[in-house]
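What follows is run_0.pdb (PDB, C-alpha atoms).
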```
MODEL        1
ATOM      1  CA  MET A   1      15.242   4.855 -19.542
ATOM      2  CA  LYS A   2      15.826   8.559 -19.951
ATOM      3  CA  TYR A   3      18.413  10.004 -22.316
ATOM      4  CA  ARG A   4      20.840  12.922 -22.279
ATOM      5  CA  THR A   5      22.658  14.784 -25.026
ATOM      6  CA  LEU A   6      26.331  15.457 -24.466
ATOM      7  CA  GLY A   7      27.914  18.265 -26.443
ATOM      8  CA  LYS A   8      26.255  19.019 -29.750
ATOM      9  CA  ASN A   9      24.660  15.681 -30.599
ATOM     10  CA  LEU A  10      25.926  12.654 -28.650
ATOM     11  CA  THR A  11      22.728  11.181 -27.227
ATOM     12  CA  VAL A  12      23.164   8.483 -24.586
ATOM     13  CA  SER A  13      21.186   6.788 -21.843
ATOM     14  CA  ALA A  14      21.078   8.831 -18.639
ATOM     15  CA  VAL A  15      23.110   6.089 -16.948
ATOM     16  CA  GLY A  16      25.850   4.273 -18.829
ATOM     17  CA  LEU A  17      27.919   1.200 -18.031
ATOM     18  CA  GLY A  18      31.591   1.367 -17.155
ATOM     19  CA  CYS A  19      33.103  -1.895 -18.375
ATOM     20  CA  MET A  20      36.593  -1.679 -16.844
ATOM     21  CA  GLY A  21      35.772  -3.909 -13.883
ATOM     22  CA  PHE A  22      35.069  -6.914 -16.107
ATOM     23  CA  SER A  23      38.797  -7.189 -16.798
ATOM     24  CA  HIS A  24      40.747  -4.851 -14.560
ATOM     25  CA  ALA A  25      41.136  -3.435 -11.047
ATOM     26  CA  TYR A  26      38.399  -5.433  -9.281
ATOM     27  CA  GLY A  27      40.078  -8.780  -8.771
ATOM     28  CA  ALA A  28      40.622 -11.555 -11.296
ATOM     29  CA  PRO A  29      38.851 -11.004 -14.649
ATOM     30  CA  ALA A  30      35.197 -11.989 -14.708
ATOM     31  CA  ASP A  31      33.819 -14.917 -16.693
ATOM     32  CA  LYS A  32      33.462 -13.740 -20.292
ATOM     33  CA  ASN A  33      30.222 -15.613 -20.914
ATOM     34  CA  GLU A  34      28.660 -14.031 -17.857
ATOM     35  CA  MET A  35      29.811 -10.552 -18.870
ATOM     36  CA  THR A  36      28.540 -11.094 -22.412
ATOM     37  CA  GLU A  37      25.136 -11.895 -20.920
ATOM     38  CA  LEU A  38      25.339  -8.846 -18.649
ATOM     39  CA  LEU A  39      26.073  -6.567 -21.605
ATOM     40  CA  ALA A  40      23.123  -7.993 -23.525
ATOM     41  CA  ARG A  41      20.864  -7.415 -20.513
ATOM     42  CA  ALA A  42      22.131  -3.844 -20.259
ATOM     43  CA  VAL A  43      20.907  -3.210 -23.795
ATOM     44  CA  ASP A  44      17.579  -4.848 -22.911
ATOM     45  CA  PHE A  45      17.257  -2.519 -19.905
ATOM     46  CA  GLY A  46      17.733   0.557 -22.134
ATOM     47  CA  CYS A  47      21.412   1.295 -21.595
ATOM     48  CA  THR A  48      22.984   2.694 -24.762
ATOM     49  CA  PHE A  49      26.322   3.993 -23.448
ATOM     50  CA  PHE A  50      29.290   1.686 -22.854
ATOM     51  CA  ASP A  51      32.738   2.795 -21.731
ATOM     52  CA  THR A  52      36.014   0.918 -22.135
ATOM     53  CA  ALA A  53      39.695   1.628 -22.898
ATOM     54  CA  GLU A  54      42.583   0.040 -24.730
ATOM     55  CA  ALA A  55      44.463  -0.187 -21.406
ATOM     56  CA  TYR A  56      41.832  -2.141 -19.475
ATOM     57  CA  GLY A  57      43.161  -5.660 -19.306
ATOM     58  CA  THR A  58      45.629  -8.002 -17.685
ATOM     59  CA  PRO A  59      49.399  -8.485 -18.001
ATOM     60  CA  ASP A  60      48.670 -11.498 -20.220
ATOM     61  CA  ASN A  61      46.113  -9.648 -22.350
ATOM     62  CA  PRO A  62      46.435  -5.859 -22.018
ATOM     63  CA  HIS A  63      43.445  -5.256 -24.321
ATOM     64  CA  ASP A  64      41.072  -7.830 -22.818
ATOM     65  CA  ASN A  65      38.264  -5.385 -22.121
ATOM     66  CA  GLU A  66      37.941  -3.976 -25.628
ATOM     67  CA  GLU A  67      37.908  -7.483 -27.080
ATOM     68  CA  LEU A  68      35.156  -8.582 -24.690
ATOM     69  CA  VAL A  69      33.038  -5.469 -25.184
ATOM     70  CA  GLY A  70      33.447  -5.514 -28.964
ATOM     71  CA  ALA A  71      32.382  -9.137 -29.345
ATOM     72  CA  ALA A  72      29.477  -8.870 -26.897
ATOM     73  CA  LEU A  73      28.021  -5.653 -28.308
ATOM     74  CA  LYS A  74      28.527  -6.370 -32.011
ATOM     75  CA  PRO A  75      24.894  -7.527 -32.487
ATOM     76  CA  TYR A  76      23.658  -4.195 -31.085
ATOM     77  CA  ARG A  77      26.175  -1.835 -32.683
ATOM     78  CA  ASP A  78      23.637   0.322 -34.500
ATOM     79  CA  LYS A  79      21.668   0.886 -31.272
ATOM     80  CA  ILE A  80      24.457   1.866 -28.907
ATOM     81  CA  VAL A  81      27.260   4.341 -28.206
ATOM     82  CA  ILE A  82      30.761   3.052 -27.472
ATOM     83  CA  GLY A  83      33.518   5.128 -25.949
ATOM     84  CA  THR A  84      37.111   3.992 -25.605
ATOM     85  CA  LYS A  85      40.367   5.639 -24.582
ATOM     86  CA  PHE A  86      43.941   6.069 -25.736
ATOM     87  CA  GLY A  87      47.105   7.485 -24.258
ATOM     88  CA  ILE A  88      48.240   5.320 -21.348
ATOM     89  CA  SER A  89      49.767   1.958 -20.519
ATOM     90  CA  PHE A  90      50.345   0.435 -17.102
ATOM     91  CA  ASP A  91      53.831   0.165 -15.648
ATOM     92  CA  GLU A  92      54.005  -3.607 -15.244
ATOM     93  CA  THR A  93      57.399  -3.326 -13.546
ATOM     94  CA  SER A  94      55.688  -1.837 -10.491
ATOM     95  CA  THR A  95      54.824  -4.085  -7.543
ATOM     96  CA  GLU A  96      51.982  -1.812  -6.429
ATOM     97  CA  THR A  97      48.392  -3.067  -6.565
ATOM     98  CA  ASN A  98      47.413   0.170  -8.298
ATOM     99  CA  LYS A  99      50.233   0.376 -10.811
ATOM    100  CA  PRO A 100      51.271   3.806 -12.141
ATOM    101  CA  VAL A 101      50.408   4.595 -15.735
ATOM    102  CA  ILE A 102      52.744   5.883 -18.420
ATOM    103  CA  ALA A 103      51.228   8.622 -20.561
ATOM    104  CA  ASP A 104      51.930   8.620 -24.301
ATOM    105  CA  SER A 105      49.848  10.698 -26.696
ATOM    106  CA  ARG A 106      52.292  11.141 -29.536
ATOM    107  CA  PRO A 107      50.370  11.381 -32.837
ATOM    108  CA  GLU A 108      51.935   8.208 -34.232
ATOM    109  CA  VAL A 109      50.917   6.330 -31.063
ATOM    110  CA  ILE A 110      47.338   7.627 -31.277
ATOM    111  CA  LYS A 111      47.055   6.516 -34.917
ATOM    112  CA  LYS A 112      48.197   3.015 -33.976
ATOM    113  CA  SER A 113      45.870   2.990 -30.967
ATOM    114  CA  VAL A 114      42.745   3.937 -32.896
ATOM    115  CA  GLU A 115      43.339   1.229 -35.488
ATOM    116  CA  GLY A 116      43.818  -1.330 -32.731
ATOM    117  CA  SER A 117      40.676  -0.247 -30.910
ATOM    118  CA  LEU A 118      38.567  -0.321 -34.081
ATOM    119  CA  LYS A 119      39.715  -3.873 -34.744
ATOM    120  CA  ARG A 120      39.155  -5.109 -31.196
ATOM    121  CA  LEU A 121      35.767  -3.407 -30.918
ATOM    122  CA  GLN A 122      34.760  -4.893 -34.288
ATOM    123  CA  THR A 123      33.461  -1.559 -35.526
ATOM    124  CA  ASP A 124      34.125   0.973 -38.271
ATOM    125  CA  TYR A 125      33.906   3.969 -35.945
ATOM    126  CA  ILE A 126      34.186   4.972 -32.291
ATOM    127  CA  ASP A 127      31.397   7.206 -30.997
ATOM    128  CA  ILE A 128      33.583   9.083 -28.507
ATOM    129  CA  TYR A 129      37.348   8.728 -28.220
ATOM    130  CA  TRP A 130      38.875   9.829 -24.933
ATOM    131  CA  GLN A 131      42.396  10.949 -24.147
ATOM    132  CA  HIS A 132      42.852   8.835 -21.025
ATOM    133  CA  ARG A 133      45.324  11.140 -19.279
ATOM    134  CA  GLN A 134      47.352  14.192 -20.262
ATOM    135  CA  ASP A 135      50.795  13.550 -21.681
ATOM    136  CA  PRO A 136      53.139  16.257 -20.283
ATOM    137  CA  ASN A 137      55.331  15.869 -23.372
ATOM    138  CA  VAL A 138      52.589  16.455 -25.967
ATOM    139  CA  PRO A 139      50.570  19.709 -25.966
ATOM    140  CA  VAL A 140      46.834  19.101 -25.904
ATOM    141  CA  GLU A 141      46.517  21.265 -29.026
ATOM    142  CA  GLU A 142      48.507  18.654 -30.939
ATOM    143  CA  VAL A 143      46.248  15.887 -29.642
ATOM    144  CA  ALA A 144      43.170  17.914 -30.608
ATOM    145  CA  GLY A 145      44.553  18.270 -34.118
ATOM    146  CA  VAL A 146      44.848  14.501 -34.428
ATOM    147  CA  MET A 147      41.265  14.148 -33.189
ATOM    148  CA  HIS A 148      40.098  16.598 -35.842
ATOM    149  CA  ARG A 149      41.708  14.482 -38.534
ATOM    150  CA  LEU A 150      40.224  11.258 -37.154
ATOM    151  CA  ILE A 151      36.766  12.853 -37.180
ATOM    152  CA  ASP A 152      37.292  13.977 -40.787
ATOM    153  CA  GLU A 153      38.288  10.398 -41.660
ATOM    154  CA  GLY A 154      35.145   9.023 -39.986
ATOM    155  CA  LYS A 155      37.112   6.826 -37.586
ATOM    156  CA  ILE A 156      35.717   8.657 -34.574
ATOM    157  CA  LEU A 157      32.533  10.725 -34.276
ATOM    158  CA  SER A 158      33.521  12.852 -31.292
ATOM    159  CA  TRP A 159      36.187  13.133 -28.658
ATOM    160  CA  GLY A 160      36.740  13.959 -25.027
ATOM    161  CA  LEU A 161      39.304  14.329 -22.274
ATOM    162  CA  SER A 162      39.619  12.534 -18.946
ATOM    163  CA  GLU A 163      40.690  13.975 -15.591
ATOM    164  CA  VAL A 164      41.279  17.519 -16.802
ATOM    165  CA  GLY A 165      40.720  21.055 -15.590
ATOM    166  CA  GLU A 166      39.612  24.327 -17.167
ATOM    167  CA  GLU A 167      42.849  25.326 -18.892
ATOM    168  CA  ILE A 168      43.254  22.052 -20.781
ATOM    169  CA  ILE A 169      39.568  21.996 -21.709
ATOM    170  CA  ARG A 170      39.657  25.489 -23.189
ATOM    171  CA  ARG A 171      42.897  24.896 -25.085
ATOM    172  CA  ALA A 172      41.633  21.651 -26.585
ATOM    173  CA  HIS A 173      38.175  22.994 -27.405
ATOM    174  CA  LYS A 174      39.630  25.833 -29.507
ATOM    175  CA  ILE A 175      41.243  23.335 -31.872
ATOM    176  CA  CYS A 176      38.555  20.637 -32.032
ATOM    177  CA  PRO A 177      35.255  20.964 -30.150
ATOM    178  CA  VAL A 178      35.153  18.696 -27.109
ATOM    179  CA  THR A 179      31.929  16.732 -26.652
ATOM    180  CA  ALA A 180      32.442  15.690 -23.030
ATOM    181  CA  ILE A 181      34.992  15.270 -20.300
ATOM    182  CA  GLN A 182      35.230  12.124 -18.224
ATOM    183  CA  ASN A 183      36.250  12.978 -14.672
ATOM    184  CA  ARG A 184      35.959  11.323 -11.275
ATOM    185  CA  TYR A 185      32.790  12.579  -9.574
ATOM    186  CA  SER A 186      30.724  11.345  -6.666
ATOM    187  CA  MET A 187      29.237  12.525  -3.384
ATOM    188  CA  MET A 188      32.648  11.750  -1.879
ATOM    189  CA  TYR A 189      34.680  13.449  -4.622
ATOM    190  CA  ARG A 190      33.202  16.793  -5.680
ATOM    191  CA  ASN A 191      36.458  18.510  -6.662
ATOM    192  CA  TYR A 192      35.361  19.178 -10.237
ATOM    193  CA  GLU A 193      32.106  20.999  -9.458
ATOM    194  CA  LYS A 194      34.006  24.233 -10.070
ATOM    195  CA  LEU A 195      34.102  23.205 -13.749
ATOM    196  CA  PHE A 196      30.318  23.182 -14.167
ATOM    197  CA  PRO A 197      30.083  26.826 -15.350
ATOM    198  CA  VAL A 198      32.857  26.179 -17.892
ATOM    199  CA  LEU A 199      31.140  23.066 -19.232
ATOM    200  CA  ASP A 200      27.824  24.904 -19.480
ATOM    201  CA  GLU A 201      29.464  27.817 -21.300
ATOM    202  CA  LEU A 202      31.134  25.564 -23.872
ATOM    203  CA  ASN A 203      28.269  23.051 -24.172
ATOM    204  CA  ILE A 204      30.425  20.161 -22.953
ATOM    205  CA  GLY A 205      28.960  17.256 -20.994
ATOM    206  CA  LEU A 206      30.405  15.439 -17.999
ATOM    207  CA  VAL A 207      30.695  11.655 -17.904
ATOM    208  CA  ALA A 208      31.196  10.751 -14.257
ATOM    209  CA  PHE A 209      33.369   7.751 -13.532
ATOM    210  CA  SER A 210      33.498   6.156 -10.074
ATOM    211  CA  PRO A 211      30.106   7.808  -9.356
ATOM    212  CA  LEU A 212      29.555   5.493  -6.378
ATOM    213  CA  ALA A 213      33.069   6.031  -4.975
ATOM    214  CA  ASN A 214      34.131   2.613  -6.263
ATOM    215  CA  GLY A 215      30.969   1.026  -4.902
ATOM    216  CA  PHE A 216      31.218   2.456  -1.385
ATOM    217  CA  LEU A 217      28.020   4.493  -1.750
ATOM    218  CA  SER A 218      26.002   1.370  -2.490
ATOM    219  CA  GLY A 219      26.298   0.546   1.201
ATOM    220  CA  ALA A 220      27.169  -3.034   0.305
ATOM    221  CA  TYR A 221      30.442  -3.130   2.259
ATOM    222  CA  ASP A 222      31.312  -3.392   5.936
ATOM    223  CA  LYS A 223      34.326  -4.181   8.114
ATOM    224  CA  ASN A 224      34.120  -7.851   7.166
ATOM    225  CA  SER A 225      34.354  -7.189   3.429
ATOM    226  CA  LYS A 226      37.399  -8.775   1.796
ATOM    227  CA  PHE A 227      39.136  -7.709  -1.405
ATOM    228  CA  GLU A 228      41.643  -9.740  -3.395
ATOM    229  CA  ALA A 229      45.128  -8.510  -2.559
ATOM    230  CA  GLY A 230      47.248  -7.532  -5.531
ATOM    231  CA  THR A 231      44.466  -7.350  -8.129
ATOM    232  CA  ASP A 232      41.583  -5.501  -6.454
ATOM    233  CA  TYR A 233      42.192  -1.766  -6.084
ATOM    234  CA  ARG A 234      39.624  -1.618  -3.270
ATOM    235  CA  SER A 235      42.122  -3.462  -1.068
ATOM    236  CA  VAL A 236      44.198  -0.265  -0.944
ATOM    237  CA  MET A 237      41.461   2.369  -1.231
ATOM    238  CA  PRO A 238      41.151   4.642   1.827
ATOM    239  CA  GLN A 239      37.342   4.677   1.921
ATOM    240  CA  PHE A 240      37.204   0.938   2.653
ATOM    241  CA  THR A 241      39.310   0.913   5.823
ATOM    242  CA  ALA A 242      37.564   0.169   9.127
ATOM    243  CA  GLU A 243      38.182   3.732  10.327
ATOM    244  CA  ALA A 244      36.737   5.191   7.129
ATOM    245  CA  LEU A 245      33.638   3.029   7.329
ATOM    246  CA  ASP A 246      32.918   4.520  10.749
ATOM    247  CA  LYS A 247      33.686   8.045   9.609
ATOM    248  CA  ASN A 248      31.449   7.789   6.528
ATOM    249  CA  GLN A 249      28.447   6.210   8.236
ATOM    250  CA  SER A 250      26.767   9.620   8.464
ATOM    251  CA  LEU A 251      26.743   9.814   4.659
ATOM    252  CA  LEU A 252      25.238   6.343   4.332
ATOM    253  CA  ASP A 253      22.595   7.310   6.910
ATOM    254  CA  LEU A 254      21.757  10.424   4.886
ATOM    255  CA  LEU A 255      21.332   8.311   1.757
ATOM    256  CA  ASP A 256      19.223   5.772   3.634
ATOM    257  CA  GLU A 257      16.834   8.464   4.798
ATOM    258  CA  LEU A 258      16.150   9.840   1.329
ATOM    259  CA  ALA A 259      16.127   6.366  -0.228
ATOM    260  CA  ALA A 260      13.306   5.360   2.102
ATOM    261  CA  GLN A 261      11.317   8.431   1.070
ATOM    262  CA  LYS A 262      11.811   7.721  -2.635
ATOM    263  CA  ASN A 263      11.420   3.932  -2.493
ATOM    264  CA  ALA A 264      14.911   3.690  -3.896
ATOM    265  CA  THR A 265      18.371   2.467  -2.864
ATOM    266  CA  LYS A 266      21.396   4.373  -1.629
ATOM    267  CA  ALA A 267      23.145   3.843  -4.966
ATOM    268  CA  GLN A 268      20.132   5.138  -6.871
ATOM    269  CA  ILE A 269      19.974   8.301  -4.760
ATOM    270  CA  SER A 270      23.696   8.865  -5.310
ATOM    271  CA  LEU A 271      23.285   8.598  -9.077
ATOM    272  CA  ALA A 272      19.987  10.502  -9.280
ATOM    273  CA  TRP A 273      21.625  13.377  -7.380
ATOM    274  CA  MET A 274      24.099  13.974 -10.212
ATOM    275  CA  ILE A 275      21.699  13.148 -13.053
ATOM    276  CA  GLY A 276      19.354  15.844 -11.748
ATOM    277  CA  LYS A 277      21.892  18.669 -11.803
ATOM    278  CA  ASN A 278      21.637  21.385 -14.453
ATOM    279  CA  THR A 279      24.971  20.498 -16.061
ATOM    280  CA  PRO A 280      24.488  17.415 -18.291
ATOM    281  CA  ILE A 281      26.045  14.591 -16.256
ATOM    282  CA  VAL A 282      25.984  10.925 -17.227
ATOM    283  CA  PRO A 283      27.314   8.520 -14.584
ATOM    284  CA  ILE A 284      28.918   5.265 -15.735
ATOM    285  CA  PRO A 285      28.927   2.911 -12.730
ATOM    286  CA  GLY A 286      30.394  -0.515 -13.290
ATOM    287  CA  THR A 287      29.260  -3.894 -11.999
ATOM    288  CA  ARG A 288      29.542  -7.620 -12.663
ATOM    289  CA  LYS A 289      26.084  -8.403 -11.286
ATOM    290  CA  ILE A 290      22.863  -8.180 -13.308
ATOM    291  CA  SER A 291      20.901  -7.281 -10.170
ATOM    292  CA  ARG A 292      23.213  -4.346  -9.476
ATOM    293  CA  LEU A 293      23.131  -3.345 -13.162
ATOM    294  CA  LYS A 294      19.335  -3.144 -13.054
ATOM    295  CA  GLU A 295      19.511  -1.133  -9.839
ATOM    296  CA  ASN A 296      22.032   1.356 -11.242
ATOM    297  CA  LEU A 297      20.149   1.880 -14.492
ATOM    298  CA  GLY A 298      16.947   2.321 -12.488
ATOM    299  CA  ALA A 299      18.433   5.476 -10.981
ATOM    300  CA  ALA A 300      17.339   7.268 -14.170
ATOM    301  CA  ASP A 301      13.740   6.878 -12.988
ATOM    302  CA  VAL A 302      14.353   8.311  -9.507
ATOM    303  CA  ASN A 303      13.357  11.959  -9.567
ATOM    304  CA  LEU A 304      14.947  14.426  -7.189
ATOM    305  CA  SER A 305      13.689  18.002  -7.241
ATOM    306  CA  THR A 306      15.975  20.987  -7.506
ATOM    307  CA  ASP A 307      15.310  21.708  -3.830
ATOM    308  CA  GLU A 308      16.143  18.129  -2.844
ATOM    309  CA  ILE A 309      19.419  18.275  -4.752
ATOM    310  CA  LYS A 310      20.299  21.605  -3.136
ATOM    311  CA  ALA A 311      19.484  20.153   0.281
ATOM    312  CA  LEU A 312      21.759  17.189  -0.419
ATOM    313  CA  ASP A 313      24.555  19.522  -1.498
ATOM    314  CA  ALA A 314      24.158  21.533   1.695
ATOM    315  CA  ALA A 315      24.221  18.384   3.819
ATOM    316  CA  LEU A 316      27.299  17.091   2.019
ATOM    317  CA  ASP A 317      29.057  20.397   2.644
ATOM    318  CA  LYS A 318      28.671  19.848   6.387
ATOM    319  CA  LEU A 319      29.852  16.247   6.535
ATOM    320  CA  THR A 320      33.382  15.298   7.486
ATOM    321  CA  LEU A 321      34.242  12.290   5.367
ATOM    322  CA  SER A 322      37.269  10.052   5.025
ATOM    323  CA  LYS A 323      39.755  10.325   2.236
ATOM    324  CA  VAL A 324      38.594   8.656  -0.957
ATOM    325  CA  TYR A 325      40.637   7.027  -3.706
ATOM    326  CA  ASP A 326      41.558   9.803  -6.111
ATOM    327  CA  GLY A 327      43.279   8.073  -8.997
ATOM    328  CA  THR A 328      46.332   6.395 -10.383
ATOM    329  CA  LYS A 329      49.731   8.049 -10.476
ATOM    330  CA  VAL A 330      50.733   9.225 -13.973
ATOM    331  CA  ASN A 331      54.383   8.977 -15.007
ATOM    332  CA  SER A 332      56.115  10.453 -18.028
ATOM    333  CA  ARG A 333      57.573   8.001 -20.499
TER     334      ARG A 333
ENDMDL
END
```
Kindly transcribe the structure held in the file into structure tokens.
Amino acid sequence: MKYRTLGKNLTVSAVGLGCMGFSHAYGAPADKNEMTELLARAVDFGCTFFDTAEAYGTPDNPHDNEELVGAALKPYRDKIVIGTKFGISFDETSTETNKPVIADSRPEVIKKSVEGSLKRLQTDYIDIYWQHRQDPNVPVEEVAGVMHRLIDEGKILSWGLSEVGEEIIRRAHKICPVTAIQNRYSMMYRNYEKLFPVLDELNIGLVAFSPLANGFLSGAYDKNSKFEAGTDYRSVMPQFTAEALDKNQSLLDLLDELAAQKNATKAQISLAWMIGKNTPIVPIPGTRKISRLKENLGAADVNLSTDEIKALDAALDKLTLSKVYDGTKVNSR
């Protein structure tokens, strides 16, 4: 495994593990014993970076994911980096598969959230604490001030922001230095590449969530693939429709070609492409399968040259792809 440093001193494995899918958004929750074993194997394979959130759960147990991750990783706590998030809850009154979220980053809510996360994660500190989404009713400067105090208290070691642009980043960073942002980024969703110069200027890393476009770029799905209605977000994601599968075949063919040259897989090429960029990027793909976990983490050992990455960028610029899932609606409280 290779390692990257985000911000000033947050050192993590070059590929992390997004844990949301164990409990949320990908069908019924996974078997806890199996996921505990998967997390242990991730550590064995060299993964040191694990991402969760207080909101990842079920209607019956809204904090299921933190509880699972905390219990499973407790034996390895001194060897790993755990990130979790605050600031949203799901609107359970909605009948949508992908329920809107309600943003709430009031200081008193954050203080309650951090104590809850520390308890569920069975730890004395959180390595990086993310604001899950912007709260339109609370200026980011106020949130940054709370983060500064939590760092001073030793409850968190660093902090970051998710799904944000340049203005919010700069405003937050002035009050309390931001270690990383966590934004959606993949070969099918490159909207945030315009932020790379800003991140480089401020020495802020990028943690890329949905780096495989919710698994699409693995090439594991076709027109016969079925997703659980009501609990699996992929059932309503535009990239998984029959029309989109046809439209995006050219991208899968491009990945196949380079994968064959590198003795790698499509997913590994997709991840290696972002790992190899100049801006420090750490993808956090999720999975419930140990075989897929090993494959994803193995992307850190796939080397793409600067010229190969530039050639991929140029090819991507020319492709006409389908729409891709671009996130959950955020509502004000």
inquiry  = Report as a list in words all protein, DNA and RNA residues lying within 8 Å of A:Ala299, evaluated on only C-alpha atoms, omitting residues in the same chain fewer than 6 positions from it.
reply    = Val15, Ala267, Gln268, Ile269, Leu271 and Ala272 of chain A
ask   = Applied to the shown file, which residues does the PyMOL selection byres ((chain A and resi 216-231) around 9) return, written as number ranges by chain?
value = A: 24-28, 95-98, 186-188, 211-215, 232-236, 239-242, 245, 251-252, 255, 265-268, 270
Within 9 Å of stretch 199-204 of chain A, which residues of stretch 216-295 of chain A show up? Give each one with its shortest atom-to-atom distance in Å (one decimal) and the two atoms involved, counting only C-alpha atoms, rows by chain then rising residue number, as JSON lines.
```
{"residue": "A:Asn278", "atom": "CA", "partner": "A:Asp200", "partner_atom": "CA", "distance": 8.7}
{"residue": "A:Thr279", "atom": "CA", "partner": "A:Asp200", "partner_atom": "CA", "distance": 6.3}
{"residue": "A:Pro280", "atom": "CA", "partner": "A:Ile204", "partner_atom": "CA", "distance": 8.0}
```
request  = I would like the residues chosen by the PyMOL selection byres ((chain A and resi 17) around 10) on the shown file; could you give them as a list of chain:residue names?
outcome  = A:Ser13, A:Val15, A:Gly16, A:Gly18, A:Cys19, A:Met20, A:Leu39, A:Ala42, A:Cys47, A:Thr48, A:Phe49, A:Phe50, A:Asp51, A:Thr52, A:Phe209, A:Val282, A:Pro283, A:Ile284, A:Pro285, A:Gly286, A:Thr287, A:Leu293, A:Asn296, A:Leu297
task = Using all atoms listed in the file, determine which residues lie at most 10 Å from stretch 170-175 of chain A, disregarding the query and same-chain residues fewer than 5 positions distant; provide the list as a ChimeraX atom specification.
result = /A:139-148,160-161,165,198-199,202,204
What would the file look like if the residues just selected were written as a compact mmCIF listing (two decimals), keeping the file's coordinate frame with C-alpha atoms?
```
# COMPACT_ATOMS: atom_id res chain seq x y z
CA PRO A 139 50.57 19.71 -25.97
CA VAL A 140 46.83 19.10 -25.90
CA GLU A 141 46.52 21.26 -29.03
CA GLU A 142 48.51 18.65 -30.94
CA VAL A 143 46.25 15.89 -29.64
CA ALA A 144 43.17 17.91 -30.61
CA GLY A 145 44.55 18.27 -34.12
CA VAL A 146 44.85 14.50 -34.43
CA MET A 147 41.26 14.15 -33.19
CA HIS A 148 40.10 16.60 -35.84
CA GLY A 160 36.74 13.96 -25.03
CA LEU A 161 39.30 14.33 -22.27
CA GLY A 165 40.72 21.06 -15.59
CA VAL A 198 32.86 26.18 -17.89
CA LEU A 199 31.14 23.07 -19.23
CA LEU A 202 31.13 25.56 -23.87
CA ILE A 204 30.42 20.16 -22.95
```
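Distances to A:Gly70 were evaluated for A:Gln122, A:Asn33, A:Arg41, A:Ile88 using only C-alpha atoms, and the minimum falls at A:Gln122.
The space between atom CA of A:Lys310 and atom CA of A:Arg4 spans 21.0 Å.
Relative to atom CA of A:Lys277, atom CA of A:Leu157 is found at 26.1 Å.
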